[in-house]
Every structure is written in structure tokens, then in C-alpha cells.
file work_19.cif (mmCIF, C-alpha atoms)
data_start
loop_
_atom_site.label_atom_id
_atom_site.label_comp_id
_atom_site.auth_asym_id
_atom_site.auth_seq_id
_atom_site.Cartn_x
_atom_site.Cartn_y
_atom_site.Cartn_z
CA MET A 68 -77.31 54.36 65.82
CA ASP A 69 -74.32 55.56 67.84
CA LYS A 70 -71.78 55.83 65.01
CA LEU A 71 -68.73 55.96 67.27
CA LEU A 72 -69.89 52.91 69.22
CA ALA A 73 -70.58 51.06 65.97
CA LEU A 74 -67.09 51.88 64.68
CA LYS A 75 -65.51 50.52 67.86
CA MET A 76 -67.49 47.29 67.61
CA PHE A 77 -66.67 46.84 63.93
CA VAL A 78 -62.95 47.40 64.57
CA GLU A 79 -62.92 44.89 67.44
CA THR A 80 -64.80 42.34 65.31
CA VAL A 81 -62.12 42.57 62.62
CA ARG A 82 -59.29 42.46 65.15
CA CYS A 83 -60.77 39.51 67.04
CA GLY A 84 -61.84 37.61 63.92
CA GLY A 85 -65.50 37.27 64.82
CA TYR A 86 -68.52 38.64 66.65
CA SER A 87 -68.32 36.29 69.63
CA SER A 88 -64.66 37.03 70.34
CA ALA A 89 -65.27 40.77 70.01
CA ALA A 90 -68.26 40.55 72.34
CA ARG A 91 -66.21 38.72 74.97
CA LYS A 92 -63.45 41.32 74.78
CA LEU A 93 -65.93 44.19 75.05
CA GLY A 94 -67.96 42.49 77.77
CA ILE A 95 -71.27 42.68 75.93
CA SER A 96 -73.60 40.28 74.14
CA THR A 97 -72.84 38.92 70.69
CA SER A 98 -76.20 40.19 69.44
CA SER A 99 -75.24 43.75 70.40
CA VAL A 100 -72.08 43.58 68.30
CA THR A 101 -73.92 41.98 65.38
CA ARG A 102 -76.63 44.63 65.49
CA GLN A 103 -74.17 47.54 65.51
CA VAL A 104 -72.12 46.18 62.59
CA ALA A 105 -75.29 45.45 60.62
CA GLY A 106 -76.39 49.04 61.22
CA LEU A 107 -73.11 50.29 59.74
CA GLU A 108 -73.53 48.10 56.67
CA ASN A 109 -77.11 49.29 56.15
CA GLU A 110 -76.05 52.92 56.43
CA LEU A 111 -73.15 52.43 54.00
CA GLY A 112 -75.02 50.18 51.60
CA ALA A 113 -72.05 47.81 51.49
CA SER A 114 -70.96 44.54 53.08
CA LEU A 115 -68.06 44.99 55.46
CA LEU A 116 -67.73 41.39 56.62
CA ASN A 117 -68.03 37.94 55.06
CA ARG A 118 -69.88 35.59 57.38
CA THR A 119 -69.85 31.80 57.42
CA THR A 120 -70.82 29.31 60.09
CA ARG A 121 -67.14 28.87 60.95
CA ASN A 122 -65.58 32.32 60.76
CA THR A 123 -65.89 35.98 59.85
CA SER A 124 -63.55 37.74 57.43
CA VAL A 125 -63.33 41.29 56.17
CA THR A 126 -64.36 42.26 52.63
CA VAL A 127 -62.26 44.48 50.37
CA ALA A 128 -64.52 47.43 51.20
CA GLY A 129 -64.45 46.40 54.84
CA GLN A 130 -60.64 46.42 54.95
CA THR A 131 -60.54 49.98 53.62
CA TYR A 132 -63.23 51.03 56.08
CA PHE A 133 -61.40 49.26 58.92
CA GLU A 134 -58.16 51.17 58.27
CA LYS A 135 -59.97 54.50 58.21
CA ALA A 136 -61.97 53.62 61.32
CA VAL A 137 -58.81 52.71 63.24
CA ALA A 138 -57.27 56.06 62.30
CA ILE A 139 -60.40 57.88 63.49
CA LEU A 140 -60.54 56.05 66.80
CA ASP A 141 -56.81 56.56 67.40
CA ALA A 142 -57.18 60.28 66.66
CA ILE A 143 -60.06 60.56 69.14
CA ASP A 144 -58.05 58.73 71.81
CA GLU A 145 -55.09 61.03 71.17
CA ALA A 146 -57.28 64.15 71.35
CA ASP A 147 -58.78 62.95 74.62
CA ALA A 148 -55.32 62.26 76.03
CA VAL A 149 -53.94 65.66 75.02
CA VAL A 150 -56.84 67.56 76.58
CA ALA A 151 -56.84 65.46 79.74
CA ASP A 152 -53.06 65.84 79.89
CA ARG A 153 -52.97 69.63 80.11
CA GLY A 154 -52.62 71.14 83.51
CA SER A 155 -52.47 67.79 85.31
CA ASP A 156 -49.79 65.40 86.43
CA ALA A 157 -48.48 63.35 83.52
CA GLN A 158 -50.87 60.53 82.67
CA GLY A 159 -51.11 57.97 79.88
CA ARG A 160 -48.65 56.74 77.29
CA LEU A 161 -45.68 58.80 76.13
CA ARG A 162 -44.12 57.58 72.88
CA ILE A 163 -40.52 58.67 72.38
CA SER A 164 -37.95 58.05 69.67
CA VAL A 165 -34.23 58.34 70.46
CA PRO A 166 -30.99 57.52 68.62
CA VAL A 167 -29.87 53.95 69.33
CA GLU A 168 -26.66 54.40 71.32
CA PHE A 169 -27.69 57.68 72.95
CA GLY A 170 -30.89 56.01 74.07
CA ARG A 171 -29.11 52.94 75.43
CA GLN A 172 -26.32 54.78 77.23
CA ILE A 173 -27.82 58.08 78.36
CA ILE A 174 -31.61 57.83 78.50
CA ALA A 175 -32.55 54.20 79.19
CA PRO A 176 -30.65 53.90 82.51
CA GLN A 177 -32.63 56.88 83.88
CA LEU A 178 -36.16 56.02 82.70
CA GLY A 179 -36.99 54.20 85.93
CA GLU A 180 -36.60 57.47 87.82
CA LEU A 181 -39.05 59.19 85.46
CA LEU A 182 -41.61 56.42 85.96
CA ASP A 183 -41.16 56.65 89.73
CA ARG A 184 -41.79 60.39 89.64
CA HIS A 185 -45.03 59.98 87.65
CA PRO A 186 -46.95 56.79 88.56
CA GLY A 187 -49.64 57.49 85.96
CA LEU A 188 -47.17 57.68 83.08
CA GLU A 189 -46.44 54.89 80.59
CA ILE A 190 -43.42 55.12 78.28
CA SER A 191 -42.92 53.48 74.89
CA VAL A 192 -39.33 53.82 73.62
CA SER A 193 -38.32 53.43 69.98
CA LEU A 194 -34.56 53.25 69.30
CA SER A 195 -33.77 54.51 65.82
CA ASP A 196 -31.09 56.55 64.11
CA GLN A 197 -33.60 57.44 61.39
CA VAL A 198 -35.42 60.78 61.51
CA SER A 199 -38.93 60.03 62.77
CA ASP A 200 -42.11 61.26 61.12
CA LEU A 201 -43.86 62.36 64.29
CA LEU A 202 -47.34 62.37 62.78
CA SER A 203 -47.39 59.13 60.81
CA GLU A 204 -45.41 57.19 63.44
CA GLN A 205 -47.46 58.68 66.29
CA ILE A 206 -44.34 59.78 68.16
CA ASP A 207 -44.87 62.29 70.97
CA VAL A 208 -41.23 63.36 71.36
CA SER A 209 -38.22 62.63 69.17
CA VAL A 210 -34.74 63.23 70.59
CA ARG A 211 -32.26 64.10 67.84
CA LEU A 212 -28.56 64.90 67.85
CA GLY A 213 -27.14 67.47 65.47
CA SER A 214 -28.49 70.57 63.79
CA SER A 215 -31.66 72.19 65.07
CA VAL A 216 -34.82 71.69 63.02
CA VAL A 217 -36.35 74.90 61.69
CA SER A 218 -39.94 74.26 60.64
CA ASP A 219 -43.41 75.64 61.31
CA ASP A 220 -44.59 72.03 61.55
CA ILE A 221 -42.25 70.97 64.39
CA VAL A 222 -41.25 72.48 67.72
CA SER A 223 -37.53 72.02 68.40
CA LYS A 224 -36.23 72.64 71.93
CA ARG A 225 -32.52 72.46 72.73
CA VAL A 226 -32.00 70.35 75.85
CA GLY A 227 -28.22 69.85 75.80
CA GLY A 228 -25.08 69.66 73.72
CA PHE A 229 -21.93 67.61 73.20
CA GLN A 230 -18.53 67.60 71.52
CA ARG A 231 -17.04 65.34 68.91
CA TRP A 232 -13.66 63.78 69.62
CA ILE A 233 -11.02 62.15 67.46
CA VAL A 234 -9.91 58.90 69.13
CA ALA A 235 -7.79 55.82 68.50
CA SER A 236 -6.56 52.95 70.64
CA PRO A 237 -3.05 52.82 72.14
CA ASP A 238 -2.50 49.60 70.16
CA TYR A 239 -3.30 51.34 66.86
CA LEU A 240 -1.10 54.31 67.75
CA SER A 241 1.81 52.03 68.62
CA GLY A 242 1.98 51.03 64.96
CA HIS A 243 1.14 54.38 63.38
CA ALA A 244 2.44 57.91 63.75
CA VAL A 245 0.38 59.96 66.19
CA PRO A 246 -1.28 62.72 64.13
CA ALA A 247 0.01 66.17 65.09
CA HIS A 248 -2.11 68.02 62.52
CA PRO A 249 -5.54 67.17 61.05
CA ARG A 250 -4.02 66.61 57.59
CA ASP A 251 -1.99 63.75 59.06
CA LEU A 252 -5.28 61.81 59.21
CA LEU A 253 -5.08 61.40 55.43
CA GLU A 254 -2.38 58.81 56.11
CA HIS A 255 -4.57 56.85 58.56
CA GLN A 256 -7.41 54.36 58.44
CA CYS A 257 -10.41 56.47 59.44
CA LEU A 258 -13.56 54.81 60.75
CA ARG A 259 -16.41 56.71 59.17
CA PHE A 260 -20.04 57.15 60.08
CA ASP A 261 -22.06 56.32 56.97
CA TYR A 262 -25.58 57.69 57.15
CA ALA A 263 -27.17 60.01 54.58
CA GLY A 264 -23.78 61.46 53.68
CA SER A 265 -22.97 62.40 57.28
CA HIS A 266 -19.34 62.98 58.22
CA GLN A 267 -17.94 62.16 54.79
CA HIS A 268 -15.84 65.23 55.45
CA TRP A 269 -14.21 65.87 58.81
CA THR A 270 -13.84 69.57 59.64
CA PHE A 271 -11.39 71.02 62.16
CA GLN A 272 -11.33 74.54 63.56
CA GLY A 273 -8.02 75.75 64.96
CA ASP A 274 -6.96 79.14 66.26
CA GLU A 275 -6.18 80.48 62.80
CA GLU A 276 -7.48 77.97 60.28
CA THR A 277 -10.40 75.80 59.27
CA ILE A 278 -9.49 72.48 57.68
CA GLN A 279 -11.89 70.19 55.85
CA LEU A 280 -10.69 66.70 55.01
CA ASN A 281 -12.13 63.94 52.86
CA VAL A 282 -10.82 61.11 55.02
CA HIS A 283 -10.51 57.51 53.90
CA GLY A 284 -10.86 54.13 55.54
CA ARG A 285 -11.96 50.58 54.87
CA LEU A 286 -14.67 50.42 57.54
CA GLN A 287 -17.88 52.45 57.61
CA SER A 288 -21.09 51.99 59.58
CA ASN A 289 -24.36 53.74 60.31
CA ASN A 290 -24.02 52.65 63.96
CA ALA A 291 -21.72 54.67 66.19
CA ASP A 292 -21.04 51.86 68.64
CA ILE A 293 -19.70 49.63 65.87
CA LEU A 294 -17.18 52.36 65.08
CA ARG A 295 -16.36 52.74 68.78
CA GLU A 296 -15.72 49.00 69.13
CA ALA A 297 -13.60 49.03 65.98
CA ALA A 298 -11.54 51.90 67.38
CA VAL A 299 -11.05 50.08 70.70
CA ALA A 300 -9.98 46.99 68.72
CA GLY A 301 -7.26 49.02 66.99
CA ARG A 302 -8.83 49.20 63.54
CA GLY A 303 -8.34 52.94 63.00
CA VAL A 304 -9.13 56.51 63.99
CA ALA A 305 -12.73 57.49 64.75
CA LEU A 306 -14.70 60.72 65.05
CA LEU A 307 -17.31 60.10 67.75
CA ALA A 308 -19.44 61.94 70.30
CA ASP A 309 -17.69 62.52 73.61
CA TRP A 310 -20.57 60.95 75.57
CA LEU A 311 -19.98 57.70 73.67
CA VAL A 312 -16.23 57.41 74.22
CA ARG A 313 -15.51 59.34 77.43
CA ALA A 314 -15.47 56.16 79.55
CA ASP A 315 -13.08 54.48 77.09
CA VAL A 316 -10.73 57.48 77.18
CA GLU A 317 -10.80 57.62 80.98
CA ALA A 318 -10.10 53.86 81.16
CA GLY A 319 -7.21 54.09 78.68
CA ARG A 320 -8.89 51.98 76.00
CA LEU A 321 -8.89 54.99 73.67
CA THR A 322 -6.68 58.05 73.36
CA ARG A 323 -8.05 61.44 72.41
CA LEU A 324 -6.18 63.06 69.51
CA LEU A 325 -5.87 66.62 68.16
CA GLU A 326 -7.33 68.16 71.30
CA GLY A 327 -6.33 71.65 70.16
CA TYR A 328 -8.95 71.58 67.41
CA GLU A 329 -12.71 71.81 67.51
CA VAL A 330 -14.05 68.90 65.49
CA ASN A 331 -16.94 69.49 63.07
CA PRO A 332 -17.37 72.96 64.60
CA GLY A 333 -20.64 74.76 65.05
CA ASN A 334 -22.98 74.79 68.02
CA ALA A 335 -26.00 73.75 65.95
CA SER A 336 -24.37 70.53 64.76
CA CYS A 337 -23.66 69.48 68.35
CA CYS A 338 -27.11 70.16 69.77
CA ILE A 339 -29.36 67.68 71.55
CA ASN A 340 -32.92 68.60 70.60
CA ALA A 341 -36.37 67.46 71.66
CA LEU A 342 -38.85 67.61 68.77
CA TYR A 343 -42.63 67.53 69.05
CA LEU A 344 -45.71 68.70 67.16
CA PRO A 345 -47.08 72.21 67.80
CA ASN A 346 -50.46 70.90 68.94
CA HIS A 347 -48.69 69.15 71.84
CA ARG A 348 -47.61 72.43 73.43
CA GLY A 349 -48.71 72.40 77.05
CA SER A 350 -48.84 68.61 77.28
CA SER A 351 -47.86 67.51 80.78
CA ARG A 352 -46.39 64.27 79.43
CA ILE A 353 -44.08 66.12 77.07
CA ASN A 354 -43.19 68.80 79.59
CA VAL A 355 -42.16 66.30 82.28
CA PHE A 356 -40.08 64.34 79.75
CA ILE A 357 -38.27 67.47 78.57
CA ASP A 358 -37.64 68.50 82.19
CA PHE A 359 -36.31 64.98 82.81
CA LEU A 360 -34.03 65.24 79.77
CA GLU A 361 -32.63 68.57 80.88
CA ASP A 362 -31.98 67.18 84.37
CA ILE A 363 -30.09 64.07 83.25
CA LEU A 364 -28.13 65.93 80.57
CA ALA A 365 -27.10 68.61 83.06
CA ALA A 366 -25.73 65.84 85.30
CA GLU A 367 -23.87 64.13 82.44
CA PRO A 368 -20.34 65.60 81.97
CA SER A 369 -20.47 65.19 78.19
CA THR A 370 -23.88 66.80 77.58
CA GLN A 371 -23.93 69.99 79.64
CA ARG A 372 -23.14 72.42 76.84
#
call {"tool": "encode", "arguments": {"input": "work_19.cif", "output": "C-alpha cells"}}
result
Amino acid sequence: MDKLLALKMFVETVRCGGYSSAARKLGISTSSVTRQVAGLENELGASLLNRTTRNTSVTVAGQTYFEKAVAILDAIDEADAVVADRGSDAQGRLRISVPVEFGRQIIAPQLGELLDRHPGLEISVSLSDQVSDLLSEQIDVSVRLGSSVVSDDIVSKRVGGFQRWIVASPDYLSGHAVPAHPRDLLEHQCLRFDYAGSHQHWTFQGDEETIQLNVHGRLQSNNADILREAAVAGRGVALLADWLVRADVEAGRLTRLLEGYEVNPGNASCCINALYLPNHRGSSRINVFIDFLEDILAAEPSTQR
């Protein structure tokens, strides 16, 4: 018995809900599928499927075996793709995870160009502000903003950088004193990013002093664009990435404040990093995506640092 072939037929039988449907999908006879699955059951000494005249369902043991078999087949497909990928033009599916607003504003508008460059490449994009588990989520590349990741289990490559700006709308500033010093923000409604304790303190670096503030405000969110929209609507002062608010500042919808200070200083905290697993070194798919990232970030005024 070809064990790998039998696993594939068993998995398709479970997915399709029966031998006949699996056979049609695989383009083979129903008897071939039945024979392979029966061979598995004989070898294991356990029933994997319940059979009736109307349908086929998976047993408890079969469900466990199915989950393990899927993982094995996926791992084989991934291994084949990685080996075939090296030293060739990018082929196959590239699964990427990017922060929601950064993905929508910076990466998504340019993906068509990447696909045009590499006709054999498929791209699956996941938008998430959560830190991805590359292995369990089967992510090839995760783009993250902030501090670099130092780990033997993950490769982190810096592909760009950005600044953080303090902004508020002209309407808000017409009714509140324009802050001349960071400590003046303690008298303002501050729109705070609320994710895993991030930015609960706002830090400012001046020529001769470092100031850390525990700012206050009635609105918090784990989505940067909600804070941007609230700032444009005159609800308070926000600390946001320059790439997110540059267009609003240039259009006069927002005003940049405290320009003489570096906000949340430190190069590491303003990095744009591409993360991938060490065993993907040399992958053409990952290499072309990282090259693409570096190209578009170099052309973006807010992400060249």
C-alpha cells in the first residue's frame, strides 16, 4: 500500500463526505478510494469511517487521524514548495500577515505590481494587528511595526522606518490651548492606542530632556485609524505614525504639534520589520516580497528611514 496516497484519499473522503464525491474530485474510481481507505483501517486495526447506505461520517479515531494526516500532507506540500522555490523565479502561494492600516494604506495598493512582476506567484494577505505565530498560522512573512524581534526561532529583517507625530485638528485647537511643551498634554483629551499596554506612556526627547507622560483621555482603541478619524473629528490629540496622518496634515485636516521633540524615541521602536522562519532562508517567494517591500517603502516619504 502506498501510505501517502492512502492518506490523501482518506483526507479527501472526509472533506468530501463520501467515497464517491472524493473519487470524482480526484478523478479516479470509487473502488480505488474505498480500497485505499480500507487498507489504512486494516493496517491501523481501527475504523476510521462510519458507513451507511446514505452517507459516510468520520469516527472519533478517524477525526484524530484526519487532523494528523492533514498536518502531514500540508507539511509535505510546504517542503516541496520551499525546495522548488529556491533558486527559481517566485512560484506558488505566499502567505503574509500585515498590520491592518499599514496593510490597507501602504502595501495593498502596490500588490498588483508584485503579481505582475511574478506571474507564477499567488498572494494570501491576512490583516491583523496581533503578533502572528508564523508556524501554527502557516504565515510565510509577517510585517511588524515597532521593536525588532531578537530570537533564534525567527529571522527579523529591517525594511524601513517611520516617525510618530502628535496631531490634532484645527477645530479642536480652536477651543483648546495649543501645547507648547509636552507636559501641556496633561490638560488635553489624548486619544490613546490601547493594545497590550502600548503607548500608555508618551515619551518625548528634546535637546536637553526626556519627558515621559501618563496621558489621559476618554477614547482609546486598538485600531489606529479609529484614533485618526477621532482626531480629524476634533475629539482630541493623537500620537500616530506619520505614514497614517501625513495626508491629513498636508490637507490641513490635522495639525502637527510639538515638532521640536522626538516622540517615543528610539530607532528600534520605529522599525518596519519582515519576520520569517529560519528554514525559509533562500526562498524566492520571500526574497521577492522583501525586495518589493524595500522598494515601496523607499518610495514612500514616511517610511524611508
call {"tool": "residues_near_point", "arguments": {"input": "work_19.cif", "point": "(-0.1, 48.7, 73.4)", "cutoff": "12 Å", "atoms": "all atoms listed in the file", "output": "list in words"}}
result
Ala235, Ser236, Pro237, Asp238, Tyr239, Leu240, Ser241, Gly242, His243, Val299, Ala300, Gly301, Gly319, Arg320, Leu321 and Thr322 of chain A
call {"tool": "write_last_selection", "arguments": {"input": "work_19.cif", "atoms": "C-alpha atoms", "output": "short mmCIF file (atom, residue, chain, number, x, y, z; two decimals), keeping the file's coordinate frame"}}
result
data_model
loop_
_atom_site.label_atom_id
_atom_site.label_comp_id
_atom_site.auth_asym_id
_atom_site.auth_seq_id
_atom_site.Cartn_x
_atom_site.Cartn_y
_atom_site.Cartn_z
CA ALA A 235 -7.79 55.82 68.50
CA SER A 236 -6.56 52.95 70.64
CA PRO A 237 -3.05 52.82 72.14
CA ASP A 238 -2.50 49.60 70.16
CA TYR A 239 -3.30 51.34 66.86
CA LEU A 240 -1.10 54.31 67.75
CA SER A 241 1.81 52.03 68.62
CA GLY A 242 1.98 51.03 64.96
CA HIS A 243 1.14 54.38 63.38
CA VAL A 299 -11.05 50.08 70.70
CA ALA A 300 -9.98 46.99 68.72
CA GLY A 301 -7.26 49.02 66.99
CA GLY A 319 -7.21 54.09 78.68
CA ARG A 320 -8.89 51.98 76.00
CA LEU A 321 -8.89 54.99 73.67
CA THR A 322 -6.68 58.05 73.36
#
call {"tool": "closest_residue", "arguments": {"input": "work_19.cif", "among": "A:Ala138, A:Ser87, A:Leu188, A:Leu252", "to": "A:Glu204", "atoms": "only C-alpha atoms"}}
result
A:Ala138
call {"tool": "resolve_selection", "arguments": {"input": "work_19.cif", "expression": "the PyMOL selection byres ((chain A and resi 93) around 12)", "output": "ChimeraX atom specification"}}
result
/A:72,75-80,83,86-92,94-97,99-100
call {"tool": "closest_residue", "arguments": {"input": "work_19.cif", "among": "A:Ile293, A:Ala247, A:Ile233, A:Ala341", "to": "A:Asp358", "atoms": "only C-alpha atoms"}}
result
A:Ala341
call {"tool": "resolve_selection", "arguments": {"input": "work_19.cif", "expression": "the PyMOL selection byres ((chain A and resi 198) around 10)", "output": "compact mmCIF listing (two decimals) with C-alpha atoms, keeping the file's coordinate frame"}}
result
# COMPACT_ATOMS: atom_id res chain seq x y z
CA SER A 164 -37.95 58.05 69.67
CA VAL A 165 -34.23 58.34 70.46
CA PRO A 166 -30.99 57.52 68.62
CA SER A 195 -33.77 54.51 65.82
CA ASP A 196 -31.09 56.55 64.11
CA GLN A 197 -33.60 57.44 61.39
CA SER A 199 -38.93 60.03 62.77
CA ASP A 200 -42.11 61.26 61.12
CA LEU A 201 -43.86 62.36 64.29
CA SER A 209 -38.22 62.63 69.17
CA VAL A 210 -34.74 63.23 70.59
CA ARG A 211 -32.26 64.10 67.84
call {"tool": "closest_residue", "arguments": {"input": "work_19.cif", "among": "A:Ile339, A:Leu107, A:Ile357, A:Ala366", "to": "A:Leu181", "atoms": "only C-alpha atoms"}}
result
A:Ile357
call {"tool": "axis_aligned_box", "arguments": {"input": "work_19.cif", "around": "stretch 287-302 of chain A", "padding_each_side": "5 Å", "output": "JSON"}}
result
{"center_x": -15.8, "center_y": 50.8, "center_z": 64.2, "size_x": 27.1, "size_y": 17.7, "size_z": 23.1}
call {"tool": "closest_residue", "arguments": {"input": "work_19.cif", "among": "A:Val104, A:Leu311, A:Arg160, A:Gly213", "to": "A:Ile173", "atoms": "only C-alpha atoms"}}
result
A:Leu311
